[in-house]
Every structure is written in structure tokens, then in C-alpha cells.
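**Q** Take a look at this one; I'll ask things after.
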Amino acid sequence: MSGASRKLALFLFACYSAALGDQAGEYCVADRQGAEYYMAAVYEHQSVLSPNPLALTSRQQALELMNQNLDIYEQQVMTAAQKGVQIIVFPEDGIHGFNFTRTSIYPFLDFMPSPQLVRWNPCLEPHRFNDTEVLQRLSCMAIKGEMFLVANLGTKQPCHSNDPGCPNDGRYQFNTNVVFSNNGTLVDRYRKHNLYFEAAFDTPLEVDRITFDTPFAGRFGVFTCFDILFFDPAVRLLRDPEVKHVVYPAAWMNQLPLLAAIEIQKAFATAFGVNVLAANIHHPSLGMTGSGIHTPLKSFWYHDMESPEGHLIIAQVAKNPLGLVGTKNTTGKTDSPHSKFLKIVSGEPYCEMDAQEVLCEATKWNVDAPPTFHSEMMYDNFTLVPVWGKEGQLQVCSNSLCCHLLYDRPTLTQELYALGAFDGFHTVHGTYYIQVCALVKCGGLGFHTCGQEITEATGVFEFHLWGNFSTSYIFPLFLTSGMTPESPDQLGWENGHYFLRKHGLSSGLVTAALYGRLYEKS
């Protein structure tokens, strides 16, 4: 199988693969260096789906389908237990599926008591509440595997007519993550707030901001899929300095060049200096694949658009992650390219010694600049400039955002790259305000192909990418050929500009972008 079709990648880990029954699994040990670690697992699940999610069915028929998925979950729990896993995460929609109506999903819903009000172990107290068969099985899995377990299911909560938010059918229906401890106790639940065209579910009247503590790694935060693009609850949770890990079930449809699943997962881990345990659903025909265990500096990930099988990832993860962005100013390196960047961003002339003569050059962005053009990227109208030649300095602006690129290419290739800027509302598949500086490989040699979805590239760059962002919430999106996540060498603020630096790419550049979110505008 080609590298483009099936990619397992590892950054700075020493790993080996093991045969795990009928499923392939990876086991990964991070560089130790005296730190403390815990064992984590995520499972990308090829779920058994209802053949007709719009049809009405019975509770018994719904349980028969869901038990097929739960049987696979239990196999993965037992496999992970053999490797000493302490926490496992399963994906969004993995048990019941998707594309239901509000009515057709009802037989698939478990009753969910509030863990804040009721202490309950579903496995040991199965008759305490009706319609809790899925919760009971998950609880028993946690006990059998002796691990914390995070899973996603549909839940229901009766409400009364005197509740002004109560739907007409007399119940709330929620897209819900549940957390079980290693003794099967229901620790907490998170009800998804930022729904993505999910007519079967209600948005909670108040945002759940859920964290839970573990004896092996401290505090974890919980959110789901589309939540990652919004302030509440994802970013607000991280205002708690004790939250150093995130569990993240998702049913994410990949969209290149800026929002592939592993791309945004890793960017979130890097931007906030936390570990992200991300489990995506596996349906390649729908563009759904991409899971990983991401630390700020390292990733162990899976992306496969061909295999029909699920995949288990196991990794040893630092209890206290080391972040790439640790200070406001990250100007530690003073080699020639970085010195030139520092001079440019400060507006000073850049000088260097050449044959006993000091040569200085001022920054002149508009001298012999290539033409700007517009092209659609991610349904947004980007302003772009082509990246020509072996080296150069480029600038392109959109509204108040100006993006800059200082680059050197060891070898030129027959590929078109472009530097793009966008500052405005994204309005397709959700509405939210973004500022983006993006260096992308185009789909062909024509300007109109810039912004198309591509996964392979050969062009190698050494570069600084920066912009005058109006937000501090900036995600470094970075992919190379074959859907391979990369880590920046440096990130941070310099003279009012946020920058990303990379030297020595391992393969051709697909996307390097700074993706800013202005939460207060959306």
C-alpha cells in the first residue's frame, strides 16, 4: 500500500507495532528524560450503521445494532488492558451512528441521570434506572479493563411543560460524552454544545464545562468534535491551569487544506500546550478518518482513506506536557535566517558581511512583487500571491491582516505554491470569524487551483511565516506530503506579529498556516 493511502507516523517516539487479535495496533513510548507518564489509548472505529437511520425502530432492535459496536469496543478495551492502558477514548457517534431524525434516534437513547446529583455505578447497579443498557455495558468494560473510559452516546432527559426550553415532545435529547472511572463509576458527562447540523439533538441551555481528575495524570477536559473551533467550552476549560489533557471524541469530515482532523487536533495541542487524546470515527467514503494522541511537541496518529478497518493507538504520554509556546517572546535562535526575520519584523535594515564588506538591505515588499490574485479556499475568498523562485520575501493582505513569508527553497520543483490571507467571517458549514495566513501547495499550475484539496507534495521550504493578528488564539496548522503532521521549530510573538518558523522539512510541504480565531466576533 502506498504511503499516500495509509499513513502511520511518529515524531520523536520510539515505537513498535504488535498484532492485536484481528486488529492492528501501535504501541508507542515517548522520550523519557525523567518525566512521569501514563498509558493512553484512542480507537478509530468503523461503526456498524443503521441501514435506514430515518426509519422508526424498537428499543430492542436499536440495542441489537448498538451491541455490535459495543462488542468491538470491548475487544479494544481488553487489548488495551494487556498493554497497561489507564484511559481509553472512543469516537463520537461510534455506538449509534448518524443521520437520524429527532424521532428515529429515540430508541437509541439512554436515560442519563446527572452525575452531579447521583453517584452511580451502572455495572453494579443495573436496575437503578430504566433504558441504561449502553451505560451499563460501558461501565462494565471500564471495570474489566481496569481503566478510565470515555465514550459518546445519545441520551435523553425528560422535561416538563413549565420548563420554557422543553421541546414539544417532552424530552431533551443530547449528544453526550460519558466518563467512567476504572471501577465503573459514572464520573461525569458532557453534552455537546456546538452541534454540527445535528437535528436529532438539542443544544444544552447552559454550556457544560466538564473536567475530571484521575490518579495517574491529574485533570482532563472534555469536549466533542466541532467544539474545537469555539471558545466555549474548549478554550474556557483551559483557563484552569490544572487541565493538561483533553479527551476528544469526534466524527470529523476532513477538509483540506486547513481543517483535516489530525491537522486541527495537533494544532490545538501545540497552541495550548496540552495533550489531546482524539478519537475520530472511521468512514473513509465520507471523508472521516484521522485520530491521534498529540502532545505539544509530538504526535502518534492514524489517517487512512483506504482501509475499512478500525484502528487502536496506544501511547505513553507525559503527565506534564512540555509546550512549544512557553513565553511571549521566542527569539532564542539567532542564526542568519532568524536574524533577518527579526530585522524585517522590526522594520530595520538587514545587514550581513560579504567579502569584508557590509551589505544592508531595507525591506521593500512592493519591489518586483508577483501579482496578487483571489481564489476560493475552504469556501472563503482568499487573497493570494504566488511563491516563485528559490528565495524571497512576500506580503499579502486581507482587510486588517497582513501576512508575510521569508523563504528559501533548497531545490525548485514543478509545483505552484501560494501565500494567502483571509480576514473575515467564514460562513459555510458554520459561521465564525477567522484570520488566516497560509502557505499552501496549489492543485495545479494555475492560480485558480490554489486552495484545492491535495495530499501529496515535493516542494521543501525553510521559512518564517507571520502576520499582524488581532487575536491571541492562533492555531499552527502544518501538514507535509502523505497527510503527515509536522511540528514548527519556533512559534510566538515578535513586535506585534505572530510567527511560525520551520527549518528542514522531512517531506514536501502541503500546508503551513496560522489560523486565528476571533471568538468575540462569533
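Following the order of the C-alpha cells, chains are lettered A, B, ..., residues in each are numbered from 1, and ligands are numbered from 1.
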Give one line per residue of segment 243-282 of chain A that approaches segment 91-98 of chain A to at most 9 Å, naming the two atoms of the closest pair and their distance in Å to one decimal, counting only C-alpha atoms; sort by chain then ascending residue number and deliver it as a tab-separated table.
**A**
```
residue	atom	partner	partner_atom	distance
A:Tyr248	CA	A:Pro91	CA	7.8
A:Pro249	CA	A:Pro91	CA	4.2
A:Ala250	CA	A:Glu92	CA	4.6
A:Ala251	CA	A:Glu92	CA	5.2
A:Trp252	CA	A:Glu92	CA	8.8
A:Ala278	CA	A:Pro91	CA	7.9
A:Ala279	CA	A:Pro91	CA	4.7
A:Asn280	CA	A:Pro91	CA	5.0
A:Ile281	CA	A:Pro91	CA	5.4
A:His282	CA	A:Pro91	CA	8.9
```
**Q** Quick one: everything within 10 Å of segment 160-169 of chain A, counting only C-alpha atoms, minus sequence neighbours fewer than 5 positions away in the same chain. Send it as a VMD selection string.
**A** chain A and resid 102 to 103 202 204 to 205
**Q** Using only C-alpha atoms, which of A:Pro386, A:Gly310, A:Gly443, A:Pro337 sits nearest Ser291 of chain A?
**A**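 Looking at the shortest contact to Ser291 of chain A, the residue is A:Gly310.
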**Q** Would you pick out the contacts of Thr413 of chain A at 9 Å or less, using only C-alpha atoms, so that residues sharing its chain but fewer than 5 positions from it are not included, and give the list as a list in words?
**A** Thr458, Gly459 and Val460 of chain A
**Q** Using N, CA, C and O atoms, can you export the residues from the last selection as a short mmCIF file (atom, residue, chain, number, x, y, z; two decimals), in the first residue's frame?
**A**
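New file result_39.cif:
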```cif
data_model
loop_
_atom_site.label_atom_id
_atom_site.label_comp_id
_atom_site.auth_asym_id
_atom_site.auth_seq_id
_atom_site.Cartn_x
_atom_site.Cartn_y
_atom_site.Cartn_z
N THR A 458 6.13 17.77 -3.14
CA THR A 458 7.58 17.52 -3.10
C THR A 458 8.38 18.77 -2.74
O THR A 458 9.56 18.67 -2.44
N GLY A 459 7.74 19.93 -2.77
CA GLY A 459 8.46 21.17 -2.50
C GLY A 459 8.88 21.31 -1.05
O GLY A 459 8.05 21.21 -0.15
N VAL A 460 10.18 21.56 -0.83
CA VAL A 460 10.71 21.71 0.52
C VAL A 460 11.08 23.18 0.75
O VAL A 460 11.69 23.82 -0.12
#
```
**Q** Would you mind listing what lies within 7 Å of segment 415-431 of chain A as a ChimeraX atom specification, with only C-alpha atoms counted and same-chain residues fewer than 3 positions away left out?
**A** /A:379-380,382-387,396-399,401,403,434-442,444-445,450
**Q** Please list as an MDAnalysis selection string every residue within 7 Å of segment 230-245 of chain A, counting only C-alpha atoms and excluding residues in the same chain fewer than 6 positions away.
**A** chainID A and resid 207 209 219:221 223 274:276 320 519
**Q** Restricting the output to all heavy atoms, write the selected residues as a CSV table (one decimal), in the first residue's frame.
**A**
```
chain,number,residue,atom,x,y,z
A,207,VAL,N,-23.9,25.9,28.9
A,207,VAL,CA,-22.7,25.1,28.5
A,207,VAL,C,-22.2,24.2,29.6
A,207,VAL,O,-22.0,24.7,30.7
A,207,VAL,CB,-21.6,26.1,28.1
A,207,VAL,CG1,-20.4,25.3,27.5
A,207,VAL,CG2,-22.1,27.0,27.0
A,209,ARG,N,-19.2,22.7,31.2
A,209,ARG,CA,-17.7,22.8,31.3
A,209,ARG,C,-17.2,21.8,32.2
A,209,ARG,O,-17.1,21.9,33.4
A,209,ARG,CB,-17.4,24.2,31.8
A,209,ARG,CG,-17.9,25.3,30.8
A,209,ARG,CD,-17.5,26.7,31.3
A,209,ARG,NE,-18.2,27.7,30.4
A,209,ARG,CZ,-19.2,28.4,30.8
A,209,ARG,NH1,-19.7,28.3,32.0
A,209,ARG,NH2,-19.8,29.3,29.9
A,219,ARG,N,-5.7,16.3,35.8
A,219,ARG,CA,-7.0,16.8,35.4
A,219,ARG,C,-7.2,16.8,33.8
A,219,ARG,O,-6.3,17.2,33.1
A,219,ARG,CB,-7.3,18.2,35.9
A,219,ARG,CG,-8.7,18.7,35.6
A,219,ARG,CD,-9.0,19.9,36.5
A,219,ARG,NE,-9.0,19.5,37.9
A,219,ARG,CZ,-9.0,20.3,39.0
A,219,ARG,NH1,-9.0,21.6,38.7
A,219,ARG,NH2,-9.0,19.9,40.2
A,220,PHE,N,-8.3,16.3,33.4
A,220,PHE,CA,-8.6,16.2,31.9
A,220,PHE,C,-9.9,17.1,31.7
A,220,PHE,O,-10.8,17.2,32.5
A,220,PHE,CB,-9.0,14.8,31.5
A,220,PHE,CG,-7.9,13.8,31.4
A,220,PHE,CD1,-7.3,13.3,32.5
A,220,PHE,CD2,-7.5,13.4,30.2
A,220,PHE,CE1,-6.2,12.4,32.5
A,220,PHE,CE2,-6.4,12.5,30.1
A,220,PHE,CZ,-5.8,12.0,31.2
A,221,GLY,N,-9.9,17.7,30.5
A,221,GLY,CA,-11.1,18.4,30.0
A,221,GLY,C,-11.7,17.6,28.9
A,221,GLY,O,-11.1,16.7,28.3
A,223,PHE,N,-14.5,17.7,25.5
A,223,PHE,CA,-15.4,18.3,24.5
A,223,PHE,C,-15.5,17.4,23.3
A,223,PHE,O,-14.8,16.4,23.2
A,223,PHE,CB,-15.1,19.8,24.2
A,223,PHE,CG,-13.7,20.0,23.8
A,223,PHE,CD1,-13.3,19.9,22.5
A,223,PHE,CD2,-12.7,20.4,24.7
A,223,PHE,CE1,-12.0,20.1,22.0
A,223,PHE,CE2,-11.4,20.6,24.3
A,223,PHE,CZ,-11.0,20.5,23.0
A,274,VAL,N,-1.1,21.4,25.6
A,274,VAL,CA,-1.8,20.3,26.3
A,274,VAL,C,-1.7,19.0,25.5
A,274,VAL,O,-1.4,19.0,24.3
A,274,VAL,CB,-3.3,20.6,26.6
A,274,VAL,CG1,-3.4,21.8,27.5
A,274,VAL,CG2,-4.0,20.8,25.3
A,275,ASN,N,-2.0,17.9,26.2
A,275,ASN,CA,-2.1,16.6,25.5
A,275,ASN,C,-3.5,16.5,25.0
A,275,ASN,O,-4.5,16.7,25.7
A,275,ASN,CB,-1.8,15.4,26.4
A,275,ASN,CG,-0.3,15.4,26.9
A,275,ASN,OD1,0.6,15.8,26.1
A,275,ASN,ND2,-0.1,15.0,28.1
A,276,VAL,N,-3.7,16.0,23.7
A,276,VAL,CA,-5.0,15.8,23.2
A,276,VAL,C,-5.2,14.3,22.8
A,276,VAL,O,-4.4,13.8,21.9
A,276,VAL,CB,-5.3,16.7,21.9
A,276,VAL,CG1,-6.6,16.4,21.3
A,276,VAL,CG2,-5.2,18.2,22.3
A,320,ASN,N,3.0,15.8,32.5
A,320,ASN,CA,3.1,17.2,32.4
A,320,ASN,C,3.7,17.6,31.1
A,320,ASN,O,4.9,17.6,30.9
A,320,ASN,CB,4.0,17.8,33.6
A,320,ASN,CG,3.3,17.6,34.9
A,320,ASN,OD1,2.3,18.2,35.2
A,320,ASN,ND2,3.9,16.8,35.8
A,519,TYR,N,-12.9,35.0,18.7
A,519,TYR,CA,-14.1,34.4,19.3
A,519,TYR,C,-15.1,35.5,19.7
A,519,TYR,O,-16.3,35.2,19.7
A,519,TYR,CB,-13.7,33.6,20.6
A,519,TYR,CG,-12.8,32.4,20.4
A,519,TYR,CD1,-11.5,32.4,20.9
A,519,TYR,CD2,-13.3,31.3,19.7
A,519,TYR,CE1,-10.7,31.3,20.7
A,519,TYR,CE2,-12.5,30.2,19.4
A,519,TYR,CZ,-11.2,30.2,20.0
A,519,TYR,OH,-10.4,29.2,19.8
```
**Q** Could you pull out all residues of segment 101-335 of chain A with a DSSP call of helix (DSSP H, G or I) and give them as a ChimeraX atom specification?
**A** /A:106-108,133-145,225-229,231-237,261-272,284-286
**Q** Which residue, A:Ile313, A:Cys225, A:Leu405, A:Ala513, has the smallest gap to Ile474 of chain A when you use only C-alpha atoms?
**A**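 When distances to Ile474 of chain A are compared using only C-alpha atoms, the smallest one comes from A:Ala513.
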**Q** Measuring atom to atom with only C-alpha atoms, identify which of A:Ser400, A:Thr79, A:Asn381, A:Thr185 is nearest to Glu125 of chain A.
**A**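 Among the listed residues, A:Thr185 lies closest to Glu125 of chain A.
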**Q** Determine which residues of segment 335-457 of chain A DSSP labels as strand (DSSP E) from the backbone of this structure, then write them out as a ChimeraX atom specification.
**A** /A:350-354,357-361,373-377,380-387,391-398,401-408,417-426,432-441
